[in-house]
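Printed here is run_36.pdb (PDB, C-alpha atoms, pLDDT in the B column):
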ATOM      1  CA  GLN A   1      21.679  -6.987  -0.385  1.00 77.00           C
ATOM      2  CA  VAL A   2      17.922  -7.421  -0.358  1.00 87.00           C
ATOM      3  CA  GLN A   3      15.760  -4.401   0.373  1.00 92.00           C
ATOM      4  CA  PHE A   4      12.255  -4.690   1.777  1.00 95.00           C
ATOM      5  CA  VAL A   5       9.203  -2.533   0.991  1.00 97.00           C
ATOM      6  CA  GLU A   6       6.088  -2.739   3.126  1.00 98.00           C
ATOM      7  CA  SER A   7       2.514  -2.101   2.012  1.00 98.00           C
ATOM      8  CA  GLY A   8      -1.073  -2.849   2.916  1.00 98.00           C
ATOM      9  CA  GLY A   9      -1.609  -0.759   6.006  1.00 98.00           C
ATOM     10  CA  GLY A  10      -4.662   1.350   6.678  1.00 98.00           C
ATOM     11  CA  LEU A  11      -7.448   2.243   9.056  1.00 98.00           C
ATOM     12  CA  VAL A  12      -9.537  -0.624  10.372  1.00 98.00           C
ATOM     13  CA  GLN A  13     -12.126  -1.003  13.107  1.00 98.00           C
ATOM     14  CA  PRO A  14     -11.445  -3.142  16.166  1.00 98.00           C
ATOM     15  CA  GLY A  15     -12.042  -6.778  15.324  1.00 98.00           C
ATOM     16  CA  GLY A  16     -11.185  -6.223  11.682  1.00 98.00           C
ATOM     17  CA  SER A  17      -8.453  -7.680   9.500  1.00 98.00           C
ATOM     18  CA  LEU A  18      -5.619  -6.485   7.308  1.00 98.00           C
ATOM     19  CA  ARG A  19      -2.974  -8.221   5.255  1.00 98.00           C
ATOM     20  CA  LEU A  20       0.410  -6.582   4.992  1.00 98.00           C
ATOM     21  CA  SER A  21       2.852  -7.352   2.208  1.00 98.00           C
ATOM     22  CA  CYS A  22       6.638  -7.194   2.215  1.00 98.00           C
ATOM     23  CA  ALA A  23       8.195  -7.094  -1.242  1.00 97.00           C
ATOM     24  CA  ALA A  24      11.880  -7.924  -1.440  1.00 96.00           C
ATOM     25  CA  SER A  25      14.272  -6.896  -4.167  1.00 92.00           C
ATOM     26  CA  GLY A  26      17.017  -9.159  -5.392  1.00 80.00           C
ATOM     27  CA  SER A  27      17.124 -12.805  -6.339  1.00 80.00           C
ATOM     28  CA  ASP A  28      18.019 -14.562  -3.099  1.00 91.00           C
ATOM     29  CA  PHE A  29      14.976 -13.815  -0.970  1.00 94.00           C
ATOM     30  CA  GLY A  30      14.734 -17.521  -0.246  1.00 94.00           C
ATOM     31  CA  PHE A  31      17.978 -17.312   1.743  1.00 95.00           C
ATOM     32  CA  TYR A  32      16.518 -14.769   4.164  1.00 96.00           C
ATOM     33  CA  VAL A  33      14.783 -15.239   7.465  1.00 96.00           C
ATOM     34  CA  VAL A  34      12.094 -12.550   7.563  1.00 97.00           C
ATOM     35  CA  GLY A  35      10.536 -10.713  10.457  1.00 98.00           C
ATOM     36  CA  TRP A  36       7.666  -8.290  10.885  1.00 98.00           C
ATOM     37  CA  TYR A  37       8.214  -5.536  13.414  1.00 98.00           C
ATOM     38  CA  ARG A  38       6.110  -2.686  14.709  1.00 98.00           C
ATOM     39  CA  GLN A  39       6.614   0.585  16.516  1.00 98.00           C
ATOM     40  CA  ALA A  40       3.783   2.280  18.335  1.00 97.00           C
ATOM     41  CA  PRO A  41       3.952   5.958  19.277  1.00 93.00           C
ATOM     42  CA  GLY A  42       6.224   6.455  22.258  1.00 95.00           C
ATOM     43  CA  LYS A  43       7.300   2.822  22.316  1.00 97.00           C
ATOM     44  CA  GLN A  44      10.314   0.883  21.154  1.00 97.00           C
ATOM     45  CA  ARG A  45      10.240  -1.116  17.962  1.00 97.00           C
ATOM     46  CA  GLU A  46       9.373  -4.740  18.624  1.00 98.00           C
ATOM     47  CA  LEU A  47       9.477  -8.006  16.730  1.00 98.00           C
ATOM     48  CA  VAL A  48       6.022  -9.505  16.291  1.00 98.00           C
ATOM     49  CA  ALA A  49       6.527 -12.413  13.900  1.00 98.00           C
ATOM     50  CA  THR A  50       9.316 -14.361  12.221  1.00 98.00           C
ATOM     51  CA  ILE A  51       9.390 -16.896   9.417  1.00 98.00           C
ATOM     52  CA  SER A  52      12.403 -19.041   8.704  1.00 97.00           C
ATOM     53  CA  ARG A  53      13.718 -20.061   5.321  1.00 96.00           C
ATOM     54  CA  GLY A  54      11.966 -23.365   5.840  1.00 93.00           C
ATOM     55  CA  GLY A  55       8.617 -21.801   6.707  1.00 95.00           C
ATOM     56  CA  ASN A  56       8.727 -22.263  10.460  1.00 97.00           C
ATOM     57  CA  THR A  57       7.102 -19.400  12.342  1.00 98.00           C
ATOM     58  CA  ASP A  58       7.297 -17.695  15.696  1.00 98.00           C
ATOM     59  CA  TYR A  59       5.158 -14.960  17.242  1.00 98.00           C
ATOM     60  CA  ALA A  60       5.180 -12.489  20.066  1.00 98.00           C
ATOM     61  CA  ASP A  61       2.720 -13.448  22.772  1.00 98.00           C
ATOM     62  CA  SER A  62       0.690 -10.306  22.103  1.00 97.00           C
ATOM     63  CA  VAL A  63      -0.218 -11.424  18.578  1.00 98.00           C
ATOM     64  CA  LYS A  64      -0.184 -15.201  18.880  1.00 98.00           C
ATOM     65  CA  GLY A  65      -3.396 -16.702  17.541  1.00 98.00           C
ATOM     66  CA  ARG A  66      -4.354 -13.497  15.725  1.00 98.00           C
ATOM     67  CA  PHE A  67      -1.486 -12.856  13.291  1.00 98.00           C
ATOM     68  CA  THR A  68      -0.082 -15.210  10.670  1.00 98.00           C
ATOM     69  CA  ILE A  69       3.207 -14.703   8.867  1.00 98.00           C
ATOM     70  CA  SER A  70       3.825 -16.413   5.539  1.00 98.00           C
ATOM     71  CA  ARG A  71       6.109 -16.172   2.535  1.00 97.00           C
ATOM     72  CA  ASP A  72       6.029 -16.848  -1.181  1.00 97.00           C
ATOM     73  CA  ASN A  73       9.601 -17.203  -2.366  1.00 95.00           C
ATOM     74  CA  ALA A  74       8.519 -17.326  -6.015  1.00 94.00           C
ATOM     75  CA  LYS A  75       7.094 -13.826  -5.599  1.00 95.00           C
ATOM     76  CA  ASN A  76       9.873 -12.540  -3.318  1.00 96.00           C
ATOM     77  CA  THR A  77       7.169 -11.543  -0.866  1.00 97.00           C
ATOM     78  CA  ALA A  78       6.304 -12.087   2.754  1.00 98.00           C
ATOM     79  CA  TYR A  79       2.922 -11.415   4.310  1.00 98.00           C
ATOM     80  CA  LEU A  80       1.402 -10.674   7.674  1.00 98.00           C
ATOM     81  CA  GLN A  81      -2.269 -11.575   7.996  1.00 98.00           C
ATOM     82  CA  MET A  82      -3.690  -9.708  10.964  1.00 98.00           C
ATOM     83  CA  ASN A  83      -7.077 -10.739  12.361  1.00 98.00           C
ATOM     84  CA  SER A  84      -9.052  -9.646  15.407  1.00 98.00           C
ATOM     85  CA  LEU A  85      -7.204  -6.361  15.425  1.00 98.00           C
ATOM     86  CA  GLU A  86      -7.153  -4.328  18.615  1.00 98.00           C
ATOM     87  CA  PRO A  87      -6.429  -0.633  19.216  1.00 97.00           C
ATOM     88  CA  GLU A  88      -3.166  -1.748  20.832  1.00 97.00           C
ATOM     89  CA  ASP A  89      -2.036  -3.049  17.431  1.00 98.00           C
ATOM     90  CA  THR A  90      -1.880   0.514  16.127  1.00 98.00           C
ATOM     91  CA  ALA A  91       1.680   1.099  14.956  1.00 98.00           C
ATOM     92  CA  VAL A  92       3.956   1.493  11.982  1.00 98.00           C
ATOM     93  CA  TYR A  93       4.754  -1.987  10.726  1.00 98.00           C
ATOM     94  CA  TYR A  94       8.087  -2.879   9.169  1.00 98.00           C
ATOM     95  CA  CYS A  95       9.541  -5.993   7.640  1.00 97.00           C
ATOM     96  CA  ASN A  96      13.171  -6.887   7.507  1.00 97.00           C
ATOM     97  CA  GLY A  97      15.382  -9.893   7.161  1.00 94.00           C
ATOM     98  CA  LYS A  98      18.754 -11.451   7.463  1.00 93.00           C
ATOM     99  CA  ARG A  99      20.543 -13.711   5.053  1.00 93.00           C
ATOM    100  CA  THR A 100      21.333 -17.031   6.640  1.00 92.00           C
ATOM    101  CA  LEU A 101      22.361 -20.548   5.760  1.00 93.00           C
ATOM    102  CA  SER A 102      20.243 -21.885   8.597  1.00 92.00           C
ATOM    103  CA  MET A 103      16.751 -23.274   8.037  1.00 92.00           C
ATOM    104  CA  ARG A 104      15.877 -22.630  11.689  1.00 92.00           C
ATOM    105  CA  ILE A 105      13.983 -19.771  13.231  1.00 93.00           C
ATOM    106  CA  LEU A 106      16.233 -16.798  13.929  1.00 92.00           C
ATOM    107  CA  ASN A 107      14.573 -13.996  15.855  1.00 93.00           C
ATOM    108  CA  ILE A 108      16.451 -10.876  14.823  1.00 93.00           C
ATOM    109  CA  ARG A 109      16.211  -8.098  17.388  1.00 94.00           C
ATOM    110  CA  PRO A 110      15.495  -4.597  16.078  1.00 94.00           C
ATOM    111  CA  ASP A 111      18.861  -3.386  17.380  1.00 94.00           C
ATOM    112  CA  GLN A 112      20.570  -5.962  15.174  1.00 93.00           C
ATOM    113  CA  ILE A 113      19.225  -4.304  12.024  1.00 92.00           C
ATOM    114  CA  ASP A 114      21.083  -1.398  10.422  1.00 90.00           C
ATOM    115  CA  SER A 115      18.608  -0.192   7.821  1.00 92.00           C
ATOM    116  CA  TRP A 116      14.839   0.118   7.757  1.00 95.00           C
ATOM    117  CA  GLY A 117      12.251   0.867   5.107  1.00 94.00           C
ATOM    118  CA  GLN A 118       9.429   3.393   5.386  1.00 96.00           C
ATOM    119  CA  GLY A 119       7.027   0.972   7.005  1.00 98.00           C
ATOM    120  CA  THR A 120       3.264   0.939   6.658  1.00 98.00           C
ATOM    121  CA  GLN A 121       0.860   2.549   9.118  1.00 98.00           C
ATOM    122  CA  VAL A 122      -1.812   0.406  10.739  1.00 98.00           C
ATOM    123  CA  THR A 123      -4.462   2.235  12.741  1.00 98.00           C
ATOM    124  CA  VAL A 124      -7.119   0.325  14.647  1.00 98.00           C
ATOM    125  CA  SER A 125      -9.887   2.641  15.737  1.00 97.00           C
ATOM    126  CA  SER A 126     -13.635   2.961  15.723  1.00 96.00           C
TER     127      SER A 126
END

Rewrite the structure from the file as structure tokens, please.
Amino acid sequence: QVQFVESGGGLVQPGGSLRLSCAASGSDFGFYVVGWYRQAPGKQRELVATISRGGNTDYADSVKGRFTISRDNAKNTAYLQMNSLEPEDTAVYYCNGKRTLSMRILNIRPDQIDSWGQGTQVTVSS
């Protein structure tokens, strides 16, 4: 069972950028579809980006064109490059994944995930 640890959050001004990292334990990270999620205060956790085993990506409309998800299987790490950040992007960001034989995009809903890491706080404010 792979476990995921998020890092890279911080305080950034509107219009700024951050890159989040998601380090996975274990040796079969390449068999996982990986998603980045976020939870803003008072709101439900939401999926913002997904990357398949084959590198295909999908994004929530709210981040499309601003966020880029990627993965480096050799480093057991996934990333979320966030550009043009807005105050509405303020949230705790989490990564998670699901082992799959499929190479296709699989958008895993937050309620389909049993265990979460600590997440990393992203605050966009002037």

Would you kindly return, as an MDAnalysis selection string, each protein, DNA or RNA residue with an atom no farther than 6 Å from any atom of range 95-112 of chain A, considering only C-alpha atoms and excluding same-chain residues fewer than 4 positions away? chainID A and resid 31:37 52:54

Could you put an axis-aligned box around every listed atom of range 13-26 of chain A, padded by 5 Å on each side, and send me its centre and edge lengths in Å to one decimal, as AutoDock Vina command-line options?
--center_x 2.4 --center_y -5.1 --center_z 5.4 --size_x 39.1 --size_y 18.2 --size_z 31.6

Rounded to one decimal in Å, what is the spacing between CA of Glu88 in chain A and CA of Arg71 in chain A? 25.1 Å

So what do you get for CA of Lys75 in chain A versus CA of Asp61 in chain A, distance-wise? 28.7 Å

Nearest to Glu46 in chain A, chosen from A:Tyr94, A:Gln13, A:Ala74, A:Leu80, with only C-alpha atoms counted in the distances: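 Of the candidates, the smallest distance to Glu46 in chain A is held by A:Tyr94.
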
With all atoms listed in the file as the atoms that count, which of A:Thr120, A:Asn76, A:Ser70, A:Ser17 lies nearest to Ala40 in chain A? A:Thr120

Chain and number of each residue from the PyMOL selection byres ((chain A and resi 84) around 9), as a PyMOL selection string: chain A and resi 14-17+66-67+82-83+85-86

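Computed from the coordinates, the CA of Tyr59 in chain A to CA of Arg19 in chain A distance equals 16.0 Å.
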
Can you list, as a ChimeraX atom specification, the residues that the PyMOL selection byres ((chain A and resi 125) around 7) selects here? /A:12-14,87,123-124,126

Any chance you can output those residues with C-alpha atoms as a PDB file, in the coordinates of the input?
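As written to disk, out_39.pdb reads:
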ATOM      1  CA  VAL A  12      -9.537  -0.624  10.372  1.00 98.00           C
ATOM      2  CA  GLN A  13     -12.126  -1.003  13.107  1.00 98.00           C
ATOM      3  CA  PRO A  14     -11.445  -3.142  16.166  1.00 98.00           C
ATOM      4  CA  PRO A  87      -6.429  -0.633  19.216  1.00 97.00           C
ATOM      5  CA  THR A 123      -4.462   2.235  12.741  1.00 98.00           C
ATOM      6  CA  VAL A 124      -7.119   0.325  14.647  1.00 98.00           C
ATOM      7  CA  SER A 126     -13.635   2.961  15.723  1.00 96.00           C
TER       8      SER A 126
END

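Considering the residues A:Ala91, A:Ala78, A:Leu11, A:Leu18 and counting all atoms listed in the file, Arg45 in chain A has its shortest atom-to-atom contact with A:Ala91.
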
Spatial neighbours of Ser7 in chain A, max dist 8 Å, all atoms listed in the file, sep filter under 5 positions, as a count of residues only: 5

Residue nearest Ile51 in chain A - candidates A:Gly117, A:Gly30, A:Gly65, A:Gly8, atoms counted: all atoms listed in the file: A:Gly30

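Between Gln39 in chain A and the candidates A:Trp116, A:Tyr93, A:Val122, A:Ala24, the tightest atom-to-atom separation, counting all atoms listed in the file, involves A:Tyr93.
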
Closest to Ser25 in chain A among A:Gln44, A:Ser62, A:Asn73, A:Thr50, using only C-alpha atoms?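 With only C-alpha atoms as the atom set, the closest residue is A:Asn73.
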